[in-house]
Amino acid sequence: MDNTPRPLIAGNWKMHGSNAFAAELAGSLSDKVSNAGHNSFDMLLCPPAPLMGSTLAAIGAASIALGGQDCHSAEQGAHTGDISAGMLADAGCSYVIVGHSERRADHGETDDVVMGKAAAAQTAGLAPIVCVGETLDQRDAGEAIEVVTSQVVGSVPDGSSAGTIVIAYEPVWAIGTGRTPTAVDIEKVHGAIRSAIDGVIGNPGQVRLLYGGSVKAGNAEEILALENVNGALVGGASLKAEEFWAIAQAC
Ligand code: 13P
């Protein structure tokens with residue numbers, strides 16, 4: 001029996017789009033998911049917060065989940081510009097990305113901060129997608145596995161289990177660059193993450209480990225077939241319905 005976790009194909013729209021764009025993209029994917037009937041993957045869309053209403057409306061009854069791109073670690077309070085995990089849940093989200101390298105870089109988020117966000121997400125009933133990944137300098141120095149596994153252990157809240165957390169490996173140098181690690185390198189890192197979560201996350205074999213960083217229709221099949229790769233976190237290519245759908249079809 002195939003005991004691998006069901007793949008998750010997640011689109012991170014980052015700071016792109018408008019209500020009209022969201023309605024068109026989510027509407028088109030909703031049609032595809034519904035028309036396909038049975039799908040062998042879960043699909044997730046993570047639009048910018050102001051576009052969640054129109055995205056959700058366009059998803060309609062289709063089996064597509066909604067997610068946030070970040071949340072605050074506090075339940076509420078004087079944090080201008082921030083969004084709580086509870087607000088995301090209230091808006092219809094079931095996932096939230098935390099610790100994306102763009103947030104780690106732009107907002108100085110440390111593993112401790114990311115862990116606080118992930119814990120807040122779980123308290124609100126959301127599954128955090130905890131992002132980890134090495135820089136090019138770290139890879140060149142042979143430190144990729146050490147950096148990534150230390151981020152995983154440092155960012156995952158105590159008491160997490162397979163159903164309440166997702167990990168995304170996104171090498172910083174592969175994001176938006178068109179470059180990806182070799183298949184062997186992706187498998188090495190994902191295998192190391194799988195080992196690192198043993199004893200840290202409950203039911204480690206069932207935790208979904210996503211790969212992210214220049215996933216396209218053209219490389220999705222090879223990447224998604226790799227051992228311990230249980231889906232993809234897609235940036236640029238998730239902004240085009242046909243291409244994102246082609247990635248999902250590669251599962
Ligand atoms: P790209 O797919 O554009 O490289 O972005 C990956 C990413 O950062 C997803 O979170």
# chains A, B, ... in the order shown; residues from 1 in each chain; ligands from 1
call {"tool": "residues_near_ligand", "arguments": {"ligand": "ligand 1", "cutoff": "9 Å", "atoms": "only C-alpha atoms and all ligand atoms", "output": "PyMOL selection string"}}
result
chain A and resi 10-14+69+97+100-102+131+168+170-180+211-216+232-238
call {"tool": "residues_around", "arguments": {"residues": "A:Ser160", "least_positions_apart": "3", "cutoff": "9 Å", "atoms": "only C-alpha atoms", "output": "list of chain:residue names"}}
result
A:Ala119, A:Gln122, A:Val156, A:Pro157, A:Gly163, A:Thr164, A:Ile165, A:Val200, A:Ile201, A:Gly202
call {"tool": "write_last_selection", "arguments": {"atoms": "C-alpha atoms", "output": "short mmCIF file (atom, residue, chain, number, x, y, z; two decimals), in the first residue's frame"}}
result
data_model
loop_
_atom_site.label_atom_id
_atom_site.label_comp_id
_atom_site.auth_asym_id
_atom_site.auth_seq_id
_atom_site.Cartn_x
_atom_site.Cartn_y
_atom_site.Cartn_z
CA ALA A 119 2.31 27.95 17.24
CA GLN A 122 -1.93 25.86 15.23
CA VAL A 156 8.69 23.82 14.61
CA PRO A 157 6.52 24.20 17.74
CA GLY A 163 -1.74 16.75 10.51
CA THR A 164 -0.88 20.11 12.06
CA ILE A 165 2.25 21.20 10.21
CA VAL A 200 10.34 16.39 16.89
CA ILE A 201 7.03 16.01 15.02
CA GLY A 202 4.52 13.26 15.73
#
call {"tool": "closest_residue", "arguments": {"among": "A:Leu210, A:Met115, A:Ala121, A:Met87", "to": "A:Gly133", "atoms": "only C-alpha atoms"}}
result
A:Leu210
call {"tool": "residues_around", "arguments": {"residues": "A:Gly37", "least_positions_apart": "6", "cutoff": "12 Å", "atoms": "only C-alpha atoms", "output": "VMD selection string"}}
result
chain A and resid 30 to 31 62 to 63
call {"tool": "residues_around", "arguments": {"residues": "A:Thr55", "least_positions_apart": "4", "cutoff": "6 Å", "atoms": "only C-alpha atoms", "output": "list in words"}}
result
Ala22, Ala23 and Ala26 of chain A
call {"tool": "write_last_selection", "arguments": {"atoms": "N, CA, C and O atoms", "output": "mmCIF file, in the first residue's frame"}}
result
data_model
loop_
_atom_site.group_PDB
_atom_site.id
_atom_site.type_symbol
_atom_site.label_atom_id
_atom_site.label_comp_id
_atom_site.auth_asym_id
_atom_site.auth_seq_id
_atom_site.Cartn_x
_atom_site.Cartn_y
_atom_site.Cartn_z
ATOM 1 N N ALA A 22 -7.634 37.831 -9.047
ATOM 2 C CA ALA A 22 -7.907 36.705 -8.148
ATOM 3 C C ALA A 22 -9.154 35.957 -8.597
ATOM 4 O O ALA A 22 -9.187 34.715 -8.602
ATOM 5 N N ALA A 23 -10.177 36.707 -8.995
ATOM 6 C CA ALA A 23 -11.432 36.075 -9.419
ATOM 7 C C ALA A 23 -11.187 35.223 -10.659
ATOM 8 O O ALA A 23 -11.692 34.102 -10.769
ATOM 9 N N ALA A 26 -8.531 32.130 -9.633
ATOM 10 C CA ALA A 26 -9.160 31.132 -8.751
ATOM 11 C C ALA A 26 -10.376 30.515 -9.430
ATOM 12 O O ALA A 26 -10.654 29.323 -9.262
#
call {"tool": "select_by_dssp", "arguments": {"residues": "stretch 87-245 of chain A", "states": "alpha helix (DSSP H)", "output": "PyMOL selection string"}}
result
chain A and resi 87-90+101-106+111-123+136-140+144-155+183-196+217-224+241-245
call {"tool": "residues_around", "arguments": {"residues": "A:Ala74", "least_positions_apart": "5", "cutoff": "10 Å", "atoms": "only C-alpha atoms", "output": "VMD selection string"}}
result
chain A and resid 79 82 to 86 116 to 117 119 to 121
call {"tool": "write_last_selection", "arguments": {"atoms": "C-alpha atoms", "output": "short mmCIF file (atom, residue, chain, number, x, y, z; two decimals), in the first residue's frame"}}
result
data_model
loop_
_atom_site.label_atom_id
_atom_site.label_comp_id
_atom_site.auth_asym_id
_atom_site.auth_seq_id
_atom_site.Cartn_x
_atom_site.Cartn_y
_atom_site.Cartn_z
CA HIS A 79 0.48 45.51 15.87
CA ASP A 82 -0.17 42.64 11.03
CA ILE A 83 -2.76 39.88 10.78
CA SER A 84 -3.54 37.27 13.42
CA ALA A 85 -3.92 33.58 12.68
CA GLY A 86 -7.46 33.76 14.07
CA GLY A 116 5.83 31.69 17.59
CA LYS A 117 3.88 32.28 14.39
CA ALA A 119 2.31 27.95 17.24
CA ALA A 120 -0.25 30.77 16.88
CA ALA A 121 -1.42 29.27 13.62
#
call {"tool": "closest_residue", "arguments": {"among": "A:Ala105, A:Ala49, A:Asp112, A:Thr123", "to": "A:Ala91", "atoms": "only C-alpha atoms"}}
result
A:Ala49
call {"tool": "select_by_dssp", "arguments": {"residues": "stretch 166-203 of chain A", "states": "strand (DSSP E)", "output": "list in words"}}
result
Val166, Ile167, Ala168 and Tyr169 of chain A
call {"tool": "write_last_selection", "arguments": {"atoms": "C-alpha atoms", "output": "compact mmCIF listing (two decimals), in the first residue's frame"}}
result
# COMPACT_ATOMS: atom_id res chain seq x y z
CA VAL A 166 3.79 21.26 6.73
CA ILE A 167 7.46 21.94 5.96
CA ALA A 168 8.61 23.64 2.75
CA TYR A 169 12.22 23.44 1.61
call {"tool": "residues_around", "arguments": {"residues": "A:Val96", "least_positions_apart": "3", "cutoff": "7 Å", "atoms": "only C-alpha atoms", "output": "list of chain:residue names"}}
result
A:Gly67, A:Gly68, A:Gln69, A:Asp70, A:Leu126, A:Ala127, A:Pro128, A:Ile129
call {"tool": "closest_residue", "arguments": {"among": "A:Asp90, A:Asp42, A:Asp111, A:Glu227", "to": "A:Gly205", "atoms": "only C-alpha atoms"}}
result
A:Glu227
call {"tool": "atom_distance", "arguments": {"atom1": "atom CA of A:His190", "atom2": "atom CA of A:Tyr95"}}
result
21.0 Å
call {"tool": "atom_distance", "arguments": {"atom1": "atom CA of A:Ala61", "atom2": "atom CA of A:His38"}}
result
14.2 Å
call {"tool": "closest_residue", "arguments": {"among": "A:Ser40, A:Asn3, A:Asn228, A:Ser34", "to": "A:Cys251", "atoms": "only C-alpha atoms"}}
result
A:Ser40
call {"tool": "residues_around", "arguments": {"residues": "A:Gly231", "least_positions_apart": "5", "cutoff": "7 Å", "atoms": "only C-alpha atoms", "output": "short mmCIF file (atom, residue, chain, number, x, y, z; two decimals) with N, CA and C atoms, in the first residue's frame"}}
result
data_model
loop_
_atom_site.label_atom_id
_atom_site.label_comp_id
_atom_site.auth_asym_id
_atom_site.auth_seq_id
_atom_site.Cartn_x
_atom_site.Cartn_y
_atom_site.Cartn_z
N PRO A 7 -0.06 14.55 -1.78
CA PRO A 7 0.67 15.76 -2.16
C PRO A 7 -0.16 17.04 -1.99
N LEU A 8 0.53 18.10 -1.64
CA LEU A 8 -0.09 19.43 -1.52
C LEU A 8 0.57 20.34 -2.56
N ILE A 9 -0.25 20.91 -3.42
CA ILE A 9 0.25 21.84 -4.42
C ILE A 9 -0.23 23.23 -4.02
N LEU A 209 6.35 17.27 3.11
CA LEU A 209 7.55 18.06 2.86
C LEU A 209 7.44 18.60 1.43
N LEU A 210 7.25 19.91 1.30
CA LEU A 210 7.10 20.52 -0.02
C LEU A 210 8.45 21.02 -0.51
N TYR A 211 8.63 21.01 -1.83
CA TYR A 211 9.80 21.69 -2.40
C TYR A 211 9.30 22.98 -3.04
N LEU A 224 8.44 16.30 -8.32
CA LEU A 224 7.38 15.70 -7.50
C LEU A 224 7.53 14.18 -7.37
#
call {"tool": "closest_residue", "arguments": {"among": "A:Ala217, A:Ser73, A:Ile193, A:Ala162", "to": "A:Glu242", "atoms": "only C-alpha atoms"}}
result
A:Ala217
call {"tool": "closest_residue", "arguments": {"among": "A:Trp245, A:Phe41, A:Val33, A:Gly154", "to": "A:Thr4", "atoms": "only C-alpha atoms"}}
result
A:Phe41
